[in-house]
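To be precise, the following lines are input03.pdb, and they hold PDB, C-alpha atoms.
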```
ATOM      1  CA  MET A   1      29.692 -62.239 -80.228  1.00  0.00           C
ATOM      2  CA  ASN A   2      31.923 -62.332 -77.174  1.00  0.00           C
ATOM      3  CA  THR A   3      33.400 -58.966 -76.207  1.00  0.00           C
ATOM      4  CA  TYR A   4      36.678 -58.264 -74.442  1.00  0.00           C
ATOM      5  CA  SER A   5      38.717 -55.156 -73.780  1.00  0.00           C
ATOM      6  CA  CYS A   6      42.071 -55.136 -75.512  1.00  0.00           C
ATOM      7  CA  SER A   7      44.266 -52.699 -77.381  1.00  0.00           C
ATOM      8  CA  ILE A   8      47.145 -52.841 -79.820  1.00  0.00           C
ATOM      9  CA  ALA A   9      49.504 -52.405 -76.851  1.00  0.00           C
ATOM     10  CA  ASN A  10      48.601 -55.931 -75.708  1.00  0.00           C
ATOM     11  CA  TYR A  11      50.502 -57.475 -78.630  1.00  0.00           C
ATOM     12  CA  GLN A  12      54.240 -58.026 -78.382  1.00  0.00           C
ATOM     13  CA  SER A  13      54.542 -58.173 -82.174  1.00  0.00           C
ATOM     14  CA  LEU A  14      52.026 -58.270 -84.979  1.00  0.00           C
ATOM     15  CA  PRO A  15      52.043 -61.160 -87.438  1.00  0.00           C
ATOM     16  CA  GLU A  16      52.168 -60.663 -91.170  1.00  0.00           C
ATOM     17  CA  PHE A  17      48.689 -60.134 -92.636  1.00  0.00           C
ATOM     18  CA  LEU A  18      47.646 -62.102 -95.719  1.00  0.00           C
ATOM     19  CA  ILE A  19      44.392 -61.685 -97.666  1.00  0.00           C
ATOM     20  CA  VAL A  20      43.152 -64.490 -99.923  1.00  0.00           C
ATOM     21  CA  SER A  21      40.468 -63.109-102.235  1.00  0.00           C
ATOM     22  CA  ALA A  22      39.509 -63.214-105.901  1.00  0.00           C
ATOM     23  CA  HIS A  23      38.005 -59.712-105.611  1.00  0.00           C
ATOM     24  CA  LEU A  24      40.609 -57.000-106.170  1.00  0.00           C
ATOM     25  CA  ASN A  25      38.822 -53.746-105.308  1.00  0.00           C
ATOM     26  CA  PRO A  26      37.174 -54.945-102.062  1.00  0.00           C
ATOM     27  CA  SER A  27      40.534 -56.446-101.096  1.00  0.00           C
ATOM     28  CA  LYS A  28      42.221 -53.078-101.592  1.00  0.00           C
ATOM     29  CA  SER A  29      39.642 -51.493 -99.299  1.00  0.00           C
ATOM     30  CA  LEU A  30      40.298 -54.117 -96.631  1.00  0.00           C
ATOM     31  CA  MET A  31      44.053 -53.664 -97.008  1.00  0.00           C
ATOM     32  CA  MET A  32      43.691 -49.905 -96.467  1.00  0.00           C
ATOM     33  CA  GLN A  33      41.448 -50.541 -93.467  1.00  0.00           C
ATOM     34  CA  LEU A  34      44.006 -52.887 -91.874  1.00  0.00           C
ATOM     35  CA  ASN A  35      46.821 -50.472 -92.639  1.00  0.00           C
ATOM     36  CA  MET A  36      45.006 -47.615 -90.911  1.00  0.00           C
ATOM     37  CA  GLU A  37      43.919 -49.695 -87.916  1.00  0.00           C
ATOM     38  CA  PHE A  38      47.002 -51.842 -87.292  1.00  0.00           C
ATOM     39  CA  SER A  39      49.781 -50.067 -89.259  1.00  0.00           C
ATOM     40  CA  VAL A  40      50.450 -53.193 -91.337  1.00  0.00           C
ATOM     41  CA  THR A  41      50.832 -53.767 -95.075  1.00  0.00           C
ATOM     42  CA  PRO A  42      48.888 -56.930 -95.946  1.00  0.00           C
ATOM     43  CA  GLN A  43      49.877 -59.198 -98.806  1.00  0.00           C
ATOM     44  CA  TRP A  44      47.142 -60.153-101.269  1.00  0.00           C
ATOM     45  CA  TYR A  45      46.715 -63.471-103.095  1.00  0.00           C
ATOM     46  CA  ASP A  46      43.966 -63.947-105.646  1.00  0.00           C
ATOM     47  CA  HIS A  47      44.263 -67.740-105.494  1.00  0.00           C
ATOM     48  CA  LEU A  48      46.268 -70.494-103.827  1.00  0.00           C
ATOM     49  CA  PRO A  49      47.380 -73.340-106.136  1.00  0.00           C
ATOM     50  CA  GLN A  50      47.222 -76.656-104.306  1.00  0.00           C
ATOM     51  CA  GLY A  51      50.543 -77.901-103.018  1.00  0.00           C
ATOM     52  CA  MET A  52      52.319 -74.556-103.493  1.00  0.00           C
ATOM     53  CA  ALA A  53      54.204 -73.413-100.400  1.00  0.00           C
ATOM     54  CA  ILE A  54      53.597 -69.650-100.369  1.00  0.00           C
ATOM     55  CA  LEU A  55      53.875 -69.169 -96.634  1.00  0.00           C
ATOM     56  CA  PRO A  56      57.042 -69.204 -94.513  1.00  0.00           C
ATOM     57  CA  LEU A  57      56.639 -72.205 -92.235  1.00  0.00           C
ATOM     58  CA  THR A  58      58.224 -70.515 -89.232  1.00  0.00           C
ATOM     59  CA  LYS A  59      56.587 -67.087 -89.464  1.00  0.00           C
ATOM     60  CA  PRO A  60      53.191 -66.424 -87.818  1.00  0.00           C
ATOM     61  CA  CYS A  61      50.574 -64.932 -90.147  1.00  0.00           C
ATOM     62  CA  PHE A  62      47.063 -63.558 -89.811  1.00  0.00           C
ATOM     63  CA  ILE A  63      45.267 -65.018 -92.829  1.00  0.00           C
ATOM     64  CA  LEU A  64      41.897 -63.632 -93.955  1.00  0.00           C
ATOM     65  CA  VAL A  65      40.049 -65.824 -96.462  1.00  0.00           C
ATOM     66  CA  ASP A  66      37.326 -64.158 -98.549  1.00  0.00           C
ATOM     67  CA  CYS A  67      34.295 -66.463 -98.865  1.00  0.00           C
ATOM     68  CA  HIS A  68      32.144 -64.228-101.075  1.00  0.00           C
ATOM     69  CA  GLY A  69      30.925 -66.092-104.145  1.00  0.00           C
ATOM     70  CA  LEU A  70      32.806 -69.295-103.249  1.00  0.00           C
ATOM     71  CA  THR A  71      31.292 -72.709-102.680  1.00  0.00           C
ATOM     72  CA  PRO A  72      32.138 -74.496 -99.424  1.00  0.00           C
ATOM     73  CA  GLU A  73      34.307 -76.852-101.514  1.00  0.00           C
ATOM     74  CA  ALA A  74      36.338 -73.952-102.939  1.00  0.00           C
ATOM     75  CA  ILE A  75      36.779 -72.463 -99.459  1.00  0.00           C
ATOM     76  CA  GLN A  76      37.961 -75.827 -98.180  1.00  0.00           C
ATOM     77  CA  ASP A  77      40.499 -76.109-101.016  1.00  0.00           C
ATOM     78  CA  ASN A  78      42.011 -72.778 -99.944  1.00  0.00           C
ATOM     79  CA  LEU A  79      42.053 -73.843 -96.301  1.00  0.00           C
ATOM     80  CA  ASP A  80      43.709 -77.166 -97.187  1.00  0.00           C
ATOM     81  CA  THR A  81      46.549 -75.308 -98.888  1.00  0.00           C
ATOM     82  CA  ILE A  82      46.895 -72.739 -96.099  1.00  0.00           C
ATOM     83  CA  THR A  83      46.951 -75.219 -93.221  1.00  0.00           C
ATOM     84  CA  ALA A  84      49.405 -77.474 -95.041  1.00  0.00           C
ATOM     85  CA  HIS A  85      52.006 -74.697 -95.137  1.00  0.00           C
ATOM     86  CA  ALA A  86      51.204 -72.065 -92.511  1.00  0.00           C
ATOM     87  CA  SER A  87      52.972 -71.784 -89.183  1.00  0.00           C
ATOM     88  CA  GLU A  88      51.196 -73.363 -86.215  1.00  0.00           C
ATOM     89  CA  GLN A  89      51.170 -69.900 -84.610  1.00  0.00           C
ATOM     90  CA  SER A  90      49.155 -68.429 -87.479  1.00  0.00           C
ATOM     91  CA  PHE A  91      45.593 -67.138 -87.142  1.00  0.00           C
ATOM     92  CA  ILE A  92      42.963 -67.987 -89.768  1.00  0.00           C
ATOM     93  CA  ALA A  93      39.688 -66.094 -90.165  1.00  0.00           C
ATOM     94  CA  LEU A  94      36.930 -66.212 -92.772  1.00  0.00           C
ATOM     95  CA  TYR A  95      35.283 -63.002 -93.952  1.00  0.00           C
ATOM     96  CA  ASN A  96      32.386 -62.121 -96.251  1.00  0.00           C
ATOM     97  CA  VAL A  97      30.711 -65.312 -95.049  1.00  0.00           C
ATOM     98  CA  ASP A  98      27.176 -65.493 -96.423  1.00  0.00           C
ATOM     99  CA  PHE A  99      26.118 -68.944 -95.272  1.00  0.00           C
ATOM    100  CA  SER A 100      25.582 -70.639 -91.930  1.00  0.00           C
ATOM    101  CA  ASN A 101      25.211 -74.390 -91.722  1.00  0.00           C
ATOM    102  CA  ASN A 102      26.813 -77.532 -90.382  1.00  0.00           C
ATOM    103  CA  ARG A 103      29.544 -77.388 -93.029  1.00  0.00           C
ATOM    104  CA  LEU A 104      30.717 -74.066 -91.657  1.00  0.00           C
ATOM    105  CA  ALA A 105      30.947 -75.612 -88.186  1.00  0.00           C
ATOM    106  CA  THR A 106      32.906 -78.580 -89.531  1.00  0.00           C
ATOM    107  CA  MET A 107      35.250 -76.211 -91.385  1.00  0.00           C
ATOM    108  CA  THR A 108      35.739 -74.086 -88.283  1.00  0.00           C
ATOM    109  CA  PHE A 109      36.671 -77.098 -86.167  1.00  0.00           C
ATOM    110  CA  ARG A 110      38.789 -78.881 -88.761  1.00  0.00           C
ATOM    111  CA  TYR A 111      40.906 -75.881 -89.747  1.00  0.00           C
ATOM    112  CA  LYS A 112      40.913 -74.170 -86.322  1.00  0.00           C
ATOM    113  CA  ILE A 113      39.270 -71.033 -87.656  1.00  0.00           C
ATOM    114  CA  ARG A 114      39.702 -68.268 -85.074  1.00  0.00           C
ATOM    115  CA  GLY A 115      37.144 -65.825 -86.437  1.00  0.00           C
ATOM    116  CA  ILE A 116      34.068 -65.563 -88.658  1.00  0.00           C
ATOM    117  CA  PHE A 117      33.083 -62.233 -90.227  1.00  0.00           C
ATOM    118  CA  TYR A 118      29.811 -62.064 -92.128  1.00  0.00           C
ATOM    119  CA  LEU A 119      29.077 -60.285 -95.388  1.00  0.00           C
ATOM    120  CA  ASP A 120      27.260 -57.391 -93.715  1.00  0.00           C
ATOM    121  CA  ASP A 121      29.773 -56.860 -90.869  1.00  0.00           C
ATOM    122  CA  PRO A 122      30.985 -53.216 -90.813  1.00  0.00           C
ATOM    123  CA  PRO A 123      34.724 -52.377 -90.675  1.00  0.00           C
ATOM    124  CA  GLU A 124      34.466 -51.585 -86.947  1.00  0.00           C
ATOM    125  CA  THR A 125      33.271 -55.118 -86.248  1.00  0.00           C
ATOM    126  CA  ILE A 126      36.087 -56.669 -88.279  1.00  0.00           C
ATOM    127  CA  ASN A 127      38.701 -54.505 -86.554  1.00  0.00           C
ATOM    128  CA  LYS A 128      37.317 -55.420 -83.132  1.00  0.00           C
ATOM    129  CA  GLY A 129      37.278 -59.126 -83.979  1.00  0.00           C
ATOM    130  CA  ILE A 130      40.852 -59.070 -85.275  1.00  0.00           C
ATOM    131  CA  ARG A 131      42.033 -57.372 -82.079  1.00  0.00           C
ATOM    132  CA  LEU A 132      40.440 -60.091 -79.969  1.00  0.00           C
ATOM    133  CA  ILE A 133      41.837 -62.883 -82.121  1.00  0.00           C
ATOM    134  CA  LEU A 134      45.320 -61.374 -81.800  1.00  0.00           C
ATOM    135  CA  ALA A 135      44.759 -61.368 -78.033  1.00  0.00           C
ATOM    136  CA  ASP A 136      44.177 -65.165 -78.287  1.00  0.00           C
ATOM    137  CA  HIS A 137      40.370 -65.093 -78.139  1.00  0.00           C
ATOM    138  CA  LEU A 138      37.824 -66.443 -80.606  1.00  0.00           C
ATOM    139  CA  TRP A 139      35.416 -64.315 -82.631  1.00  0.00           C
ATOM    140  CA  LEU A 140      32.693 -66.879 -83.281  1.00  0.00           C
ATOM    141  CA  PRO A 141      28.907 -66.827 -82.773  1.00  0.00           C
ATOM    142  CA  ARG A 142      27.751 -68.946 -79.839  1.00  0.00           C
ATOM    143  CA  GLN A 143      25.618 -71.199 -82.055  1.00  0.00           C
ATOM    144  CA  LEU A 144      28.650 -71.919 -84.212  1.00  0.00           C
ATOM    145  CA  LEU A 145      30.776 -72.728 -81.158  1.00  0.00           C
ATOM    146  CA  SER A 146      28.168 -75.274 -80.046  1.00  0.00           C
ATOM    147  CA  ALA A 147      28.144 -76.820 -83.526  1.00  0.00           C
ATOM    148  CA  CYS A 148      31.981 -77.007 -83.435  1.00  0.00           C
ATOM    149  CA  ILE A 149      31.819 -78.974 -80.183  1.00  0.00           C
ATOM    150  CA  ARG A 150      29.451 -81.446 -81.843  1.00  0.00           C
ATOM    151  CA  ALA A 151      31.795 -81.688 -84.840  1.00  0.00           C
ATOM    152  CA  ASN A 152      34.675 -82.396 -82.443  1.00  0.00           C
ATOM    153  CA  ARG A 153      32.767 -85.257 -80.846  1.00  0.00           C
ATOM    154  CA  ASN A 154      31.919 -86.738 -84.236  1.00  0.00           C
ATOM    155  CA  ASP A 155      35.555 -86.505 -85.304  1.00  0.00           C
ATOM    156  CA  ASP A 156      36.718 -88.297 -82.148  1.00  0.00           C
ATOM    157  CA  THR A 157      34.551 -91.301 -82.998  1.00  0.00           C
ATOM    158  CA  GLU A 158      36.127 -91.780 -86.425  1.00  0.00           C
ATOM    159  CA  HIS A 159      37.968 -95.101 -86.625  1.00  0.00           C
ATOM    160  CA  ASP A 160      41.754 -94.642 -86.814  1.00  0.00           C
ATOM    161  CA  SER A 161      42.327 -97.836 -88.751  1.00  0.00           C
ATOM    162  CA  HIS A 162      40.117 -96.564 -91.585  1.00  0.00           C
ATOM    163  CA  ARG A 163      42.216 -93.406 -91.969  1.00  0.00           C
ATOM    164  CA  GLY A 164      45.405 -95.463 -91.750  1.00  0.00           C
ATOM    165  CA  GLU A 165      44.300 -97.587 -94.683  1.00  0.00           C
ATOM    166  CA  LEU A 166      44.255 -94.454 -96.858  1.00  0.00           C
ATOM    167  CA  LEU A 167      48.008 -93.946 -96.444  1.00  0.00           C
ATOM    168  CA  SER A 168      50.563 -95.211 -98.952  1.00  0.00           C
ATOM    169  CA  ASN A 169      53.719 -97.011 -97.834  1.00  0.00           C
ATOM    170  CA  ARG A 170      55.775 -93.899 -98.606  1.00  0.00           C
ATOM    171  CA  GLU A 171      53.420 -91.742 -96.528  1.00  0.00           C
ATOM    172  CA  ILE A 172      53.666 -94.163 -93.601  1.00  0.00           C
ATOM    173  CA  GLU A 173      57.460 -93.986 -93.866  1.00  0.00           C
ATOM    174  CA  ILE A 174      57.330 -90.180 -93.738  1.00  0.00           C
ATOM    175  CA  LEU A 175      55.013 -90.346 -90.729  1.00  0.00           C
ATOM    176  CA  LYS A 176      57.543 -92.520 -88.905  1.00  0.00           C
ATOM    177  CA  HIS A 177      60.236 -89.892 -89.452  1.00  0.00           C
ATOM    178  CA  LEU A 178      57.766 -87.241 -88.325  1.00  0.00           C
ATOM    179  CA  THR A 179      57.055 -89.019 -85.039  1.00  0.00           C
ATOM    180  CA  ALA A 180      60.813 -89.332 -84.471  1.00  0.00           C
ATOM    181  CA  GLY A 181      61.038 -85.533 -84.568  1.00  0.00           C
ATOM    182  CA  SER A 182      62.782 -85.243 -87.934  1.00  0.00           C
ATOM    183  CA  SER A 183      62.580 -81.936 -89.779  1.00  0.00           C
ATOM    184  CA  ASN A 184      61.482 -81.721 -93.415  1.00  0.00           C
ATOM    185  CA  GLN A 185      65.134 -81.355 -94.464  1.00  0.00           C
ATOM    186  CA  GLU A 186      66.163 -84.407 -92.418  1.00  0.00           C
ATOM    187  CA  ILE A 187      63.326 -86.452 -93.938  1.00  0.00           C
ATOM    188  CA  ALA A 188      64.377 -85.353 -97.421  1.00  0.00           C
ATOM    189  CA  ASP A 189      68.029 -86.286 -96.765  1.00  0.00           C
ATOM    190  CA  THR A 190      67.190 -89.656 -95.227  1.00  0.00           C
ATOM    191  CA  MET A 191      64.730 -90.660 -97.952  1.00  0.00           C
ATOM    192  CA  GLN A 192      66.821 -89.053-100.714  1.00  0.00           C
ATOM    193  CA  ILE A 193      63.942 -86.972-102.019  1.00  0.00           C
ATOM    194  CA  SER A 194      63.484 -83.223-102.500  1.00  0.00           C
ATOM    195  CA  MET A 195      62.074 -80.850 -99.901  1.00  0.00           C
ATOM    196  CA  ASN A 196      59.195 -80.086-102.272  1.00  0.00           C
ATOM    197  CA  THR A 197      58.360 -83.812-102.455  1.00  0.00           C
ATOM    198  CA  VAL A 198      58.317 -83.998 -98.652  1.00  0.00           C
ATOM    199  CA  ARG A 199      55.947 -81.008 -98.467  1.00  0.00           C
ATOM    200  CA  ASN A 200      53.635 -82.539-101.077  1.00  0.00           C
ATOM    201  CA  HIS A 201      53.548 -85.849 -99.180  1.00  0.00           C
ATOM    202  CA  LEU A 202      52.782 -84.003 -95.930  1.00  0.00           C
ATOM    203  CA  TYR A 203      49.995 -82.072 -97.631  1.00  0.00           C
ATOM    204  CA  LYS A 204      48.392 -85.346 -98.736  1.00  0.00           C
ATOM    205  CA  ILE A 205      48.926 -86.934 -95.303  1.00  0.00           C
ATOM    206  CA  TYR A 206      47.250 -84.015 -93.511  1.00  0.00           C
ATOM    207  CA  LYS A 207      44.279 -84.237 -95.857  1.00  0.00           C
ATOM    208  CA  LYS A 208      43.883 -88.003 -95.470  1.00  0.00           C
ATOM    209  CA  LEU A 209      44.184 -87.876 -91.682  1.00  0.00           C
ATOM    210  CA  ASN A 210      41.950 -84.829 -91.368  1.00  0.00           C
ATOM    211  CA  VAL A 211      44.614 -82.923 -89.407  1.00  0.00           C
ATOM    212  CA  THR A 212      46.031 -79.436 -89.915  1.00  0.00           C
ATOM    213  CA  ASN A 213      49.715 -79.580 -88.967  1.00  0.00           C
ATOM    214  CA  ARG A 214      52.716 -81.833 -88.256  1.00  0.00           C
ATOM    215  CA  LEU A 215      52.087 -81.867 -84.493  1.00  0.00           C
ATOM    216  CA  HIS A 216      48.574 -83.276 -84.907  1.00  0.00           C
ATOM    217  CA  ALA A 217      49.785 -85.723 -87.564  1.00  0.00           C
ATOM    218  CA  SER A 218      52.574 -86.885 -85.239  1.00  0.00           C
ATOM    219  CA  ARG A 219      50.154 -87.399 -82.348  1.00  0.00           C
ATOM    220  CA  TRP A 220      47.803 -89.376 -84.580  1.00  0.00           C
ATOM    221  CA  ALA A 221      50.665 -91.489 -85.893  1.00  0.00           C
ATOM    222  CA  ASN A 222      52.014 -92.244 -82.401  1.00  0.00           C
ATOM    223  CA  ASP A 223      48.638 -93.623 -81.345  1.00  0.00           C
ATOM    224  CA  PHE A 224      48.153 -95.471 -84.621  1.00  0.00           C
ATOM    225  CA  PHE A 225      51.571 -97.148 -84.643  1.00  0.00           C
ATOM    226  CA  ARG A 226      51.215 -98.088 -80.977  1.00  0.00           C
ATOM    227  CA  HIS A 227      47.819 -99.746 -81.454  1.00  0.00           C
ATOM    228  CA  TYR A 228      48.370-101.312 -84.882  1.00  0.00           C
ATOM    229  CA  GLN A 229      52.113-102.042 -84.581  1.00  0.00           C
ATOM    230  CA  PHE A 230      53.327-101.057 -88.020  1.00  0.00           C
ATOM    231  CA  SER A 231      56.851-102.253 -88.699  1.00  0.00           C
TER     232      SER A 231
END
```

Spit out the file's structure as structure tokens when you get a sec.
Amino acid sequence: MNTYSCSIANYQSLPEFLIVSAHLNPSKSLMMQLNMEFSVTPQWYDHLPQGMAILPLTKPCFILVDCHGLTPEAIQDNLDTITAHASEQSFIALYNVDFSNNRLATMTFRYKIRGIFYLDDPPETINKGIRLILADHLWLPRQLLSACIRANRNDDTEHDSHRGELLSNREIEILKHLTAGSSNQEIADTMQISMNTVRNHLYKIYKKLNVTNRLHASRWANDFFRHYQFS
């Protein structure tokens, strides 16, 4: 792991801490640990229903996702929901990770995971990693960082027209409003649909385009519309 010197005094303000875990008692222990170390009161979620906006879009959060006993597919489902609704300033870290393979590298790159904590990491290691992540560093093994770079290169070679074909006409219309800088409320008013419908469409768009937020979706759409001239 990389090591840096930082203290709680380096942070102007701490984000809200969220724990996503199906395991109650270990989660309580982690919550107490974070409370003692950072003087925060984490929120706990035992599951994240797809499409449900549980996170304030404008508020930064530090989100810890428990991987113990979950398949990579189940972890990805949680990350899809989180990245569809979380603020762009949020930090995401995985803990109780008990596997290491190319899928973990792809996940780390795709969802911009800032930290990986393994199943046998002691509390001191987790506290140290969280401090560094809050100081805008990464807490990732070097081998995983190298694999993320390879995943990035593979993603860059993906053909944009193929991803564009996955979009419905309604989703393309929403993307046009997105590239024009419209807010969710403005999109809802213009298209005469509910805010919840806009969020659900955006969730599906992010998943189809393999992006994590509206900024990345807007950048993709700008390039796509410019090259393929959608009307």

- Query: Of the residues A:Leu215, A:Leu70, A:Leu167, A:Met107, which is the one nearest to A:Gly181, using all atoms listed in the file?
  - Reply: A:Leu215

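What the PyMOL selection byres ((chain A and resi 98) around 9) picks from this file is A:Cys67, A:His68, A:Gly69, A:Tyr95, A:Asn96, A:Val97, A:Phe99, A:Ser100, A:Tyr118, A:Leu119, A:Asp120.
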
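Going from atom CA of A:Ser218 over to atom CA of A:Ile113, you cover 20.8 Å.
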
- Task: Expand the PyMOL selection byres ((chain A and resi 29-33) around 9) into the individual residues it matches in the shown file, reporting them as a list in words.
- Result: Ile19, Leu24, Asn25, Pro26, Ser27, Lys28, Leu34, Asn35, Met36, Glu37, Phe38, Val40, Thr41, Pro42, Gln43, Trp44, Pro123 and Asn127 of chain A

Emit the selected residues as a PDB file, in the coordinates of the input, including C-alpha atoms.
```pdb
ATOM      1  CA  ILE A  19      44.392 -61.685 -97.666  1.00  0.00           C
ATOM      2  CA  LEU A  24      40.609 -57.000-106.170  1.00  0.00           C
ATOM      3  CA  ASN A  25      38.822 -53.746-105.308  1.00  0.00           C
ATOM      4  CA  PRO A  26      37.174 -54.945-102.062  1.00  0.00           C
ATOM      5  CA  SER A  27      40.534 -56.446-101.096  1.00  0.00           C
ATOM      6  CA  LYS A  28      42.221 -53.078-101.592  1.00  0.00           C
ATOM      7  CA  LEU A  34      44.006 -52.887 -91.874  1.00  0.00           C
ATOM      8  CA  ASN A  35      46.821 -50.472 -92.639  1.00  0.00           C
ATOM      9  CA  MET A  36      45.006 -47.615 -90.911  1.00  0.00           C
ATOM     10  CA  GLU A  37      43.919 -49.695 -87.916  1.00  0.00           C
ATOM     11  CA  PHE A  38      47.002 -51.842 -87.292  1.00  0.00           C
ATOM     12  CA  VAL A  40      50.450 -53.193 -91.337  1.00  0.00           C
ATOM     13  CA  THR A  41      50.832 -53.767 -95.075  1.00  0.00           C
ATOM     14  CA  PRO A  42      48.888 -56.930 -95.946  1.00  0.00           C
ATOM     15  CA  GLN A  43      49.877 -59.198 -98.806  1.00  0.00           C
ATOM     16  CA  TRP A  44      47.142 -60.153-101.269  1.00  0.00           C
ATOM     17  CA  PRO A 123      34.724 -52.377 -90.675  1.00  0.00           C
ATOM     18  CA  ASN A 127      38.701 -54.505 -86.554  1.00  0.00           C
TER      19      ASN A 127
END
```

- Task: Apply the PyMOL selection byres ((chain A and resi 75-81) around 9) to the structure shown and report the selected residues as a list in words.
- Result: Val20, His47, Leu48, Pro49, Gln50, Gly51, Met52, Ala53, Val65, Asp66, Cys67, Leu70, Thr71, Pro72, Glu73, Ala74, Ile82, Thr83, Ala84, His85, Ala86, Ile92, Met107, Tyr111, Tyr203, Tyr206, Lys207 and Thr212 of chain A

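Computed from the coordinates, the atom CA of A:Ile193 to atom CA of A:Arg170 distance equals 11.2 Å.
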
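With only C-alpha atoms as the atoms that count, the residue of A:Leu144, A:Thr197, A:Pro15, A:Asp189 with the shortest distance to A:Ser87 is A:Pro15.
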
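The gap separating atom CA of A:Val198 from atom CA of A:Gln185 is 8.4 Å, in Å to one decimal.
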